[in-house]
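Q: Structure file query.txt (compact mmCIF, C-alpha atoms) is given on the next line.
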# COMPACT_ATOMS: atom_id res chain seq x y z
CA MET A 806 -33.78 27.73 1.70
CA ILE A 807 -31.96 26.77 4.90
CA THR A 808 -31.22 23.33 3.49
CA ASN A 809 -29.80 24.80 0.31
CA ARG A 810 -27.56 27.16 2.28
CA VAL A 811 -26.26 24.32 4.39
CA THR A 812 -25.59 22.26 1.30
CA VAL A 813 -23.74 25.11 -0.37
CA LEU A 814 -21.69 25.69 2.80
CA ALA A 815 -20.75 22.02 3.02
CA VAL A 816 -19.69 21.97 -0.65
CA CYS A 817 -17.57 25.07 -0.17
CA LEU A 818 -15.97 23.65 2.94
CA ALA A 819 -15.18 20.39 1.14
CA LEU A 820 -13.71 22.27 -1.80
CA GLY A 821 -11.64 24.42 0.55
CA LEU A 822 -10.29 21.42 2.44
CA GLY A 823 -9.57 19.66 -0.82
CA ALA A 824 -7.81 22.73 -2.16
CA ALA A 825 -5.81 23.09 1.05
CA SER A 826 -4.87 19.42 0.90
CA ASP A 827 -3.86 19.74 -2.76
CA ASP A 828 -1.86 22.86 -1.97
CA ALA A 829 -0.01 21.09 0.85
CA MET A 830 0.76 18.15 -1.40
CA ALA A 831 1.99 20.52 -4.14
CA LYS A 832 4.27 22.36 -1.70
CA LYS A 833 5.72 19.10 -0.45
CA LYS A 834 6.31 17.92 -4.01
CA ASN A 835 7.95 21.23 -4.89
CA LYS A 836 10.24 20.96 -1.83
CA LYS A 837 11.23 17.49 -2.88
CA ASN A 838 12.01 18.59 -6.42
CA ARG A 839 14.15 21.47 -5.18
CA ALA A 840 15.94 19.15 -2.78
CA VAL A 841 16.67 16.69 -5.58
CA ALA A 842 17.92 19.51 -7.78
CA ALA A 843 20.19 20.76 -4.99
CA GLU A 844 21.71 17.31 -4.64
CA VAL A 845 22.86 17.39 -8.29
CA LEU A 846 23.65 21.13 -8.52
CA PRO A 847 27.20 21.46 -10.00
CA GLU A 848 29.85 23.54 -8.31
CA TYR A 849 30.74 26.83 -9.92
CA ASP A 850 33.84 26.32 -12.05
CA HIS A 851 35.39 28.99 -14.23
CA PRO A 852 37.29 27.77 -17.27
CA SER A 853 40.41 29.53 -16.03
CA GLY A 854 40.30 27.44 -12.85
CA LYS A 855 40.81 30.57 -10.75
CA GLY A 856 37.39 30.81 -9.13
CA TYR A 857 35.38 33.96 -9.74
CA PRO A 858 35.88 35.44 -13.24
CA ASN A 859 37.44 38.88 -13.54
CA GLY A 860 34.88 41.60 -13.99
CA ARG A 861 31.97 39.27 -13.18
CA PRO A 862 31.97 38.64 -9.41
CA TRP A 863 28.22 39.20 -9.28
CA GLN A 864 27.69 36.00 -11.28
CA ALA A 865 29.60 33.92 -8.78
CA THR A 866 27.85 35.61 -5.86
CA GLU A 867 24.48 34.90 -7.42
CA TYR A 868 25.47 31.34 -7.89
CA ASP A 869 26.57 31.06 -4.25
CA PHE A 870 23.20 32.40 -3.11
CA GLU A 871 21.50 29.86 -5.36
CA VAL A 872 23.54 27.08 -3.75
CA VAL A 873 22.62 28.28 -0.27
CA LYS A 874 18.94 28.49 -1.25
CA HIS A 875 18.98 24.95 -2.58
CA LYS A 876 20.73 23.66 0.55
CA LEU A 877 18.07 25.35 2.68
CA ASP A 878 15.43 23.58 0.56
CA VAL A 879 17.16 20.26 1.23
CA LEU A 880 17.26 21.04 4.95
CA ASP A 881 13.57 22.06 4.92
CA TYR A 882 12.61 18.84 3.18
CA LYS A 883 14.63 16.74 5.62
CA VAL A 884 13.06 18.59 8.57
CA ASP A 885 9.64 17.62 7.19
CA ASP A 886 10.80 14.00 7.01
CA VAL A 887 12.01 14.17 10.61
CA LYS A 888 8.67 15.67 11.64
CA ILE A 889 6.81 12.84 9.91
CA ASP A 890 9.09 10.25 11.50
CA THR A 891 8.58 11.89 14.89
CA GLU A 892 4.82 11.79 14.48
CA THR A 893 5.08 8.12 13.48
CA ILE A 894 7.20 7.39 16.56
CA ILE A 895 4.69 9.19 18.78
CA THR A 896 1.88 7.14 17.24
CA LYS A 897 3.82 3.92 17.85
CA VAL A 898 4.56 4.98 21.44
CA ASP A 899 0.85 5.60 22.00
CA GLU A 900 0.10 2.15 20.59
CA ILE A 901 2.73 0.63 22.88
CA LYS A 902 1.18 2.48 25.82
CA GLY A 903 -2.20 1.00 24.91
CA ASP A 904 -0.72 -2.48 24.58
CA THR A 905 1.10 -2.02 27.89
CA GLY A 906 -2.17 -1.06 29.58
CA GLU A 907 -3.85 -4.17 28.20
CA ILE A 908 -0.92 -6.31 29.39
CA ILE A 909 -1.16 -4.78 32.86
CA ASP A 910 -4.90 -5.53 32.92
CA GLN A 911 -4.23 -9.11 31.82
CA LEU A 912 -1.53 -9.47 34.50
CA GLY A 913 -4.06 -8.27 37.03
CA ASP A 914 -6.49 -10.94 35.83
CA ILE A 915 -3.74 -13.55 36.04
CA GLU A 916 -2.92 -12.44 39.59
CA THR A 917 -6.58 -12.78 40.51
CA ASP A 918 -6.67 -16.26 38.96
CA ILE A 919 -3.51 -17.24 40.86
CA GLU A 920 -5.07 -16.09 44.13
CA GLY A 921 -8.13 -18.19 43.33
CA LEU A 922 -5.93 -21.19 42.54
CA SER A 923 -4.01 -20.67 45.78
CA GLU A 924 -7.25 -20.78 47.73
CA GLU A 925 -8.31 -23.93 45.89
CA ILE A 926 -4.90 -25.53 46.56
CA ALA A 927 -5.25 -24.64 50.25
CA ASP A 928 -8.68 -26.30 50.29
CA ILE A 929 -7.24 -29.36 48.54
CA LYS A 930 -4.39 -29.55 51.07
CA GLU A 931 -6.89 -29.36 53.89
CA GLY A 932 -8.95 -32.11 52.29
CA VAL A 933 -5.85 -34.24 51.78
CA GLY A 934 -4.95 -33.73 55.44
CA GLU A 935 -8.39 -34.95 56.48
CA ILE A 936 -8.06 -37.95 54.18
CA LEU A 937 -4.65 -38.77 55.64
CA GLU A 938 -6.14 -38.62 59.14
CA GLU A 939 -8.87 -41.02 58.03
CA VAL A 940 -6.24 -43.30 56.47
CA ASP A 941 -4.30 -43.25 59.74
CA GLY A 942 -7.51 -44.21 61.52
CA LEU A 943 -8.04 -47.04 59.04
CA ASP A 944 -4.47 -48.19 59.61
CA ASP A 945 -5.18 -48.31 63.33
CA ASP A 946 -8.38 -50.27 62.70
CA VAL A 947 -6.59 -52.70 60.38
CA SER A 948 -3.79 -53.09 62.91
CA MET A 949 -6.32 -53.79 65.64
CA LEU A 950 -8.11 -56.36 63.47
CA LYS A 951 -4.79 -57.95 62.53
CA ASN A 952 -3.75 -58.16 66.17
CA THR A 953 -7.08 -59.46 67.50
CA LEU A 954 -7.95 -63.12 67.86
CA SER A 955 -11.47 -64.44 68.28
CA VAL A 956 -11.59 -67.14 71.00
CA ASP A 957 -14.70 -69.29 71.54
CA VAL A 958 -14.85 -71.87 74.34
CA SER A 959 -17.19 -74.80 74.81
CA VAL A 960 -17.02 -76.71 78.10
CA GLY A 961 -16.75 -80.48 77.62
CA PRO A 962 -17.22 -83.37 80.00
CA ALA A 963 -15.51 -83.58 83.35
CA THR A 964 -12.63 -86.02 83.85
CA ASP A 965 -11.21 -87.65 86.96
CA ASP A 966 -8.77 -84.78 87.33
CA GLY A 967 -10.67 -81.80 85.94
CA ILE A 968 -12.62 -80.43 82.98
CA THR A 969 -12.17 -80.52 79.21
CA LEU A 970 -12.44 -77.32 77.08
CA TYR A 971 -12.92 -77.18 73.34
CA VAL A 972 -11.45 -73.94 72.00
CA GLN A 973 -11.73 -72.41 68.54
CA VAL A 974 -9.25 -69.65 67.63
CA ALA A 975 -10.00 -67.46 64.59
CA GLN A 976 -8.62 -64.29 63.00
CA ASN A 977 -10.75 -62.23 60.62
CA GLY A 978 -13.20 -65.11 60.44
CA VAL A 979 -10.57 -67.74 59.54
CA GLY A 980 -9.50 -70.51 61.92
CA VAL A 981 -5.94 -70.22 63.20
CA THR A 982 -4.07 -73.53 63.00
CA LYS A 983 -0.69 -74.83 64.13
CA LEU A 984 -0.71 -73.10 67.50
CA ALA A 985 1.57 -74.65 70.11
CA ALA A 986 0.53 -75.52 73.65
CA ASP A 987 2.37 -72.54 75.07
CA ALA A 988 0.18 -70.18 72.98
CA PHE A 989 -2.58 -70.82 75.55
CA GLU A 990 -2.77 -69.76 79.16
CA TYR A 991 -5.48 -69.99 81.77
CA GLY A 992 -6.11 -68.08 84.96
CA ASN A 993 -8.88 -69.12 87.33
CA SER A 994 -10.45 -66.15 89.04
CA PHE A 995 -13.15 -67.71 91.19
CA PRO A 996 -12.05 -69.37 93.30
CA ALA A 997 -8.55 -68.02 92.88
CA GLY A 998 -6.18 -70.72 91.69
CA GLY A 999 -8.95 -73.29 91.71
CA ALA A 1000 -8.00 -74.70 88.27
CA LYS A 1001 -4.88 -74.68 86.15
CA TYR A 1002 -3.63 -75.48 82.67
CA CYS A 1003 -0.72 -77.90 82.61
CA GLY A 1004 0.56 -77.14 79.08
CA ALA A 1005 1.58 -79.73 76.48
CA ASP A 1006 0.36 -82.69 78.57
CA CYS A 1007 -3.14 -81.16 78.59
CA PHE A 1008 -3.26 -80.03 74.96
CA ALA A 1009 -4.31 -81.45 71.59
CA GLU A 1010 -4.79 -79.79 68.19
CA GLY A 1011 -7.71 -80.52 65.90
CA ILE A 1012 -8.56 -79.01 62.50
CA GLY A 1013 -9.98 -75.62 61.48
CA GLY A 1014 -8.41 -73.86 64.44
CA VAL A 1015 -10.08 -76.07 67.07
CA TYR A 1016 -8.07 -77.25 70.10
CA MET A 1017 -8.76 -79.41 73.15
CA ILE A 1018 -7.45 -78.25 76.52
CA GLU A 1019 -7.79 -79.95 79.88
CA LEU A 1020 -7.94 -77.94 83.10
CA LEU A 1021 -6.83 -79.63 86.28
CA VAL A 1022 -9.12 -78.98 89.24
CA ASP A 1023 -7.80 -79.59 92.77
CA SER A 1024 -10.32 -77.55 94.77
CA GLU A 1025 -13.67 -78.28 96.33
CA PRO A 1026 -16.77 -78.82 94.18
CA GLY A 1027 -18.59 -75.67 93.11
CA SER A 1028 -18.73 -72.99 90.40
CA TYR A 1029 -15.55 -71.94 88.63
CA ALA A 1030 -14.82 -68.92 86.42
CA GLY A 1031 -11.64 -67.89 84.69
CA ALA A 1032 -10.13 -66.48 81.49
CA LEU A 1033 -8.48 -68.46 78.71
CA GLY A 1034 -5.96 -66.39 76.77
CA VAL A 1035 -4.42 -67.08 73.35
CA SER A 1036 -1.50 -65.20 71.76
CA MET A 1037 0.66 -65.61 68.67
CA GLU A 1038 3.22 -63.69 66.67
CA VAL A 1039 1.79 -61.81 63.67
CA VAL A 1040 3.28 -62.68 60.29
CA ASP A 1041 3.00 -59.88 57.72
CA ASP A 1042 3.09 -61.18 54.15
CA ASP A 1043 4.31 -57.76 52.91
CA ASP A 1044 7.43 -57.84 55.07
CA ASP A 1045 10.74 -59.08 53.66
CA ASP A 1046 11.90 -62.13 55.60
CA ASP A 1047 15.52 -61.06 55.17
CA ASP A 1048 14.85 -57.56 56.52
CA ASP A 1049 15.33 -57.53 60.27
CA ASP A 1050 14.86 -54.00 61.59
CA GLY A 1051 15.30 -55.04 65.21
CA ASP A 1052 11.77 -54.12 66.28
CA ASP A 1053 9.78 -56.38 68.58
CA PRO A 1054 7.36 -58.61 66.64
CA GLU A 1055 3.67 -57.78 66.73
CA ILE A 1056 1.53 -60.07 68.86
CA ALA A 1057 -2.08 -60.98 68.17
CA SER A 1058 -4.12 -62.04 71.17
CA GLY A 1059 -7.60 -62.81 72.40
CA THR A 1060 -9.39 -64.03 75.54
CA ALA A 1061 -12.57 -65.90 76.39
CA LEU A 1062 -14.57 -66.38 79.57
CA VAL A 1063 -14.65 -69.94 80.91
CA THR A 1064 -17.26 -71.10 83.45
CA PHE A 1065 -17.98 -74.63 84.64
CA GLU A 1066 -19.31 -76.59 87.59
CA VAL A 1067 -17.47 -79.22 89.58
CA GLU A 1068 -19.86 -81.64 91.25
CA GLU A 1069 -19.26 -83.64 94.36
CA ALA A 1070 -18.04 -87.14 93.90
CA PRO A 1071 -20.79 -89.74 94.39
How does the structure come out when it is put into structure tokens?
A:
Amino acid sequence: MITNRVTVLAVCLALGLGAASDDAMAKKKNKKNRAVAAEVLPEYDHPSGKGYPNGRPWQATEYDFEVVKHKLDVLDYKVDDVKIDTETIITKVDEIKGDTGEIIDQLGDIETDIEGLSEEIADIKEGVGEILEEVDGLDDDVSMLKNTLSVDVSVGPATDDGITLYVQVAQNGVGVTKLAADAFEYGNSFPAGGAKYCGADCFAEGIGGVYMIELLVDSEPGSYAGALGVSMEVVDDDDDDDDDDGDDPEIASGTALVTFEVEEAP
């Protein structure tokens, strides 16, 4: 029984809503028809051309009221159109508000992404800075290697005037050739000034970066120790020969310990 009552109530409600909807549609259609009729309603015109007819002013007055009524119908219909347009505008504004909210949310997400990218860029900059520091360190190491000579000395036989040294000069594992006599210098430490290098007269070049140097000894027999130094100007293949920037040339150098014994004459 309860189910049947509910069903009957639902049917009645549906019929009522349908009837109300149909009634609203009928009223709107009727307004439109009256408005259309008012648009084409002719003006009152008496055949005499003098306005209201004599003895029949009530006819003209009735007509005037009819005109007013039709104009009110037109105005009512147009007000309904304005109301519908207003509701449409409000709906569009609400949609725009919703779209604006979504745009604001998306802008917030973009701002968050930009902040994340900024942090990543900062990390990258920091990493690049560390890499540049390492590169600078490598440049220093390369410069040191480029400006360092390896000097190996082997003591040869004694002569009537002194001792013969065989010297090999290398850079980065490669023998350095074509060095002049003045590229070498010798200083005797023990005893001080006990031996000396006389330059071109005591110098000969071999191959593969090997040179022969004679040290003149004018002291008493005994043990000698000194340092043999070699230096040369560095030639950079990447530099332009025509570009003279006025800077002092780089010098590569190296030293080696020299020890030998001078025996007493027989």
Q: Find the nearest atom pair between each residue of region 985-1026 of chain A and region 956-962 of chain A for residues within 12 Å, count all atoms listed in the file, give distances in Å to one decimal, sort rows by chain and ascending number, and present the table as a Markdown table.
A:
| residue | atom | partner | partner_atom | distance |
| --- | --- | --- | --- | --- |
| A:Phe989 | CA | A:Val956 | CA | 10.7 |
| A:Gly1014 | CA | A:Val956 | CA | 9.9 |
| A:Val1015 | CA | A:Asp957 | CA | 9.3 |
| A:Tyr1016 | CA | A:Val958 | CA | 9.6 |
| A:Met1017 | CA | A:Gly961 | CA | 9.2 |
| A:Ile1018 | CA | A:Gly961 | CA | 9.6 |
| A:Glu1019 | CA | A:Gly961 | CA | 9.3 |
| A:Leu1020 | CA | A:Val960 | CA | 10.4 |
Q: Go ahead and compute the interatomic distance for CA of Thr896 (chain A) and CA of Asp881 (chain A), in Å to one decimal.
A: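 Value for the CA of Thr896 (chain A)-CA of Asp881 (chain A) distance: 22.6 Å.
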Q: What separation in Å, quoted to one decimal, exists between CA of Gly1034 (chain A) and CA of Gly992 (chain A)?
A: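 One can read the CA of Gly1034 (chain A) to CA of Gly992 (chain A) distance as 8.4 Å.
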Q: Can you work out which one of A:Ala1032, A:Val879, A:Ile929, A:Leu1021 has the shortest atom-to-atom distance to Val1067 (chain A), counting all atoms listed in the file?
A: A:Leu1021
Q: Could region 1014-1033 of chain A be completed with N, CA, C and O atoms and returned as a PDB file, in the coordinates of the input?
A:
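Done, and the output landed in part_12.pdb:
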ATOM      1  N   GLY A1014      -8.662 -74.756  63.332  1.00  0.00           N
ATOM      2  CA  GLY A1014      -8.410 -73.860  64.440  1.00  0.00           C
ATOM      3  C   GLY A1014      -9.070 -74.273  65.740  1.00  0.00           C
ATOM      4  O   GLY A1014      -9.225 -73.442  66.639  1.00  0.00           O
ATOM      5  N   VAL A1015      -9.439 -75.565  65.853  1.00  0.00           N
ATOM      6  CA  VAL A1015     -10.080 -76.070  67.070  1.00  0.00           C
ATOM      7  C   VAL A1015      -9.034 -76.850  67.884  1.00  0.00           C
ATOM      8  O   VAL A1015      -8.273 -77.665  67.335  1.00  0.00           O
ATOM      9  N   TYR A1016      -9.036 -76.616  69.196  1.00  0.00           N
ATOM     10  CA  TYR A1016      -8.070 -77.250  70.100  1.00  0.00           C
ATOM     11  C   TYR A1016      -8.814 -77.804  71.320  1.00  0.00           C
ATOM     12  O   TYR A1016      -9.887 -77.312  71.687  1.00  0.00           O
ATOM     13  N   MET A1017      -8.196 -78.836  71.917  1.00  0.00           N
ATOM     14  CA  MET A1017      -8.760 -79.410  73.150  1.00  0.00           C
ATOM     15  C   MET A1017      -7.770 -79.159  74.284  1.00  0.00           C
ATOM     16  O   MET A1017      -6.569 -79.435  74.153  1.00  0.00           O
ATOM     17  N   ILE A1018      -8.288 -78.591  75.370  1.00  0.00           N
ATOM     18  CA  ILE A1018      -7.450 -78.250  76.520  1.00  0.00           C
ATOM     19  C   ILE A1018      -8.107 -78.848  77.770  1.00  0.00           C
ATOM     20  O   ILE A1018      -9.330 -78.775  77.944  1.00  0.00           O
ATOM     21  N   GLU A1019      -7.279 -79.411  78.631  1.00  0.00           N
ATOM     22  CA  GLU A1019      -7.790 -79.950  79.880  1.00  0.00           C
ATOM     23  C   GLU A1019      -7.315 -79.082  81.039  1.00  0.00           C
ATOM     24  O   GLU A1019      -6.121 -78.753  81.129  1.00  0.00           O
ATOM     25  N   LEU A1020      -8.250 -78.699  81.900  1.00  0.00           N
ATOM     26  CA  LEU A1020      -7.940 -77.940  83.100  1.00  0.00           C
ATOM     27  C   LEU A1020      -7.953 -78.881  84.304  1.00  0.00           C
ATOM     28  O   LEU A1020      -8.895 -79.666  84.474  1.00  0.00           O
ATOM     29  N   LEU A1021      -6.908 -78.801  85.077  1.00  0.00           N
ATOM     30  CA  LEU A1021      -6.830 -79.630  86.280  1.00  0.00           C
ATOM     31  C   LEU A1021      -7.474 -78.897  87.439  1.00  0.00           C
ATOM     32  O   LEU A1021      -7.161 -77.717  87.694  1.00  0.00           O
ATOM     33  N   VAL A1022      -8.386 -79.588  88.128  1.00  0.00           N
ATOM     34  CA  VAL A1022      -9.120 -78.980  89.240  1.00  0.00           C
ATOM     35  C   VAL A1022      -8.719 -79.702  90.525  1.00  0.00           C
ATOM     36  O   VAL A1022      -8.874 -80.919  90.640  1.00  0.00           O
ATOM     37  N   ASP A1023      -8.197 -78.970  91.507  1.00  0.00           N
ATOM     38  CA  ASP A1023      -7.800 -79.590  92.770  1.00  0.00           C
ATOM     39  C   ASP A1023      -8.477 -78.913  93.957  1.00  0.00           C
ATOM     40  O   ASP A1023      -7.992 -78.971  95.082  1.00  0.00           O
ATOM     41  N   SER A1024      -9.592 -78.226  93.694  1.00  0.00           N
ATOM     42  CA  SER A1024     -10.320 -77.550  94.770  1.00  0.00           C
ATOM     43  C   SER A1024     -11.637 -78.266  95.036  1.00  0.00           C
ATOM     44  O   SER A1024     -11.976 -79.277  94.403  1.00  0.00           O
ATOM     45  N   GLU A1025     -12.391 -77.704  95.958  1.00  0.00           N
ATOM     46  CA  GLU A1025     -13.670 -78.280  96.330  1.00  0.00           C
ATOM     47  C   GLU A1025     -14.679 -78.142  95.198  1.00  0.00           C
ATOM     48  O   GLU A1025     -14.551 -77.274  94.319  1.00  0.00           O
ATOM     49  N   PRO A1026     -15.706 -78.959  95.177  1.00  0.00           N
ATOM     50  CA  PRO A1026     -16.770 -78.820  94.180  1.00  0.00           C
ATOM     51  C   PRO A1026     -17.436 -77.453  94.297  1.00  0.00           C
ATOM     52  O   PRO A1026     -17.497 -76.856  95.362  1.00  0.00           O
ATOM     53  N   GLY A1027     -17.911 -76.955  93.127  1.00  0.00           N
ATOM     54  CA  GLY A1027     -18.590 -75.670  93.110  1.00  0.00           C
ATOM     55  C   GLY A1027     -18.478 -75.030  91.736  1.00  0.00           C
ATOM     56  O   GLY A1027     -18.132 -75.675  90.736  1.00  0.00           O
ATOM     57  N   SER A1028     -18.771 -73.739  91.677  1.00  0.00           N
ATOM     58  CA  SER A1028     -18.730 -72.990  90.400  1.00  0.00           C
ATOM     59  C   SER A1028     -17.342 -72.379  90.214  1.00  0.00           C
ATOM     60  O   SER A1028     -16.754 -71.824  91.149  1.00  0.00           O
ATOM     61  N   TYR A1029     -16.867 -72.451  88.970  1.00  0.00           N
ATOM     62  CA  TYR A1029     -15.550 -71.940  88.630  1.00  0.00           C
ATOM     63  C   TYR A1029     -15.690 -70.923  87.478  1.00  0.00           C
ATOM     64  O   TYR A1029     -16.512 -71.098  86.576  1.00  0.00           O
ATOM     65  N   ALA A1030     -14.843 -69.915  87.504  1.00  0.00           N
ATOM     66  CA  ALA A1030     -14.820 -68.920  86.420  1.00  0.00           C
ATOM     67  C   ALA A1030     -13.391 -68.424  86.245  1.00  0.00           C
ATOM     68  O   ALA A1030     -12.684 -68.152  87.221  1.00  0.00           O
ATOM     69  N   GLY A1031     -12.980 -68.361  84.990  1.00  0.00           N
ATOM     70  CA  GLY A1031     -11.640 -67.890  84.690  1.00  0.00           C
ATOM     71  C   GLY A1031     -11.550 -67.369  83.264  1.00  0.00           C
ATOM     72  O   GLY A1031     -12.552 -67.297  82.532  1.00  0.00           O
ATOM     73  N   ALA A1032     -10.350 -67.009  82.834  1.00  0.00           N
ATOM     74  CA  ALA A1032     -10.130 -66.480  81.490  1.00  0.00           C
ATOM     75  C   ALA A1032      -9.086 -67.311  80.776  1.00  0.00           C
ATOM     76  O   ALA A1032      -8.008 -67.571  81.326  1.00  0.00           O
ATOM     77  N   LEU A1033      -9.430 -67.731  79.557  1.00  0.00           N
ATOM     78  CA  LEU A1033      -8.480 -68.460  78.710  1.00  0.00           C
ATOM     79  C   LEU A1033      -7.918 -67.472  77.699  1.00  0.00           C
ATOM     80  O   LEU A1033      -8.664 -66.860  76.929  1.00  0.00           O
TER      81      LEU A1033
END
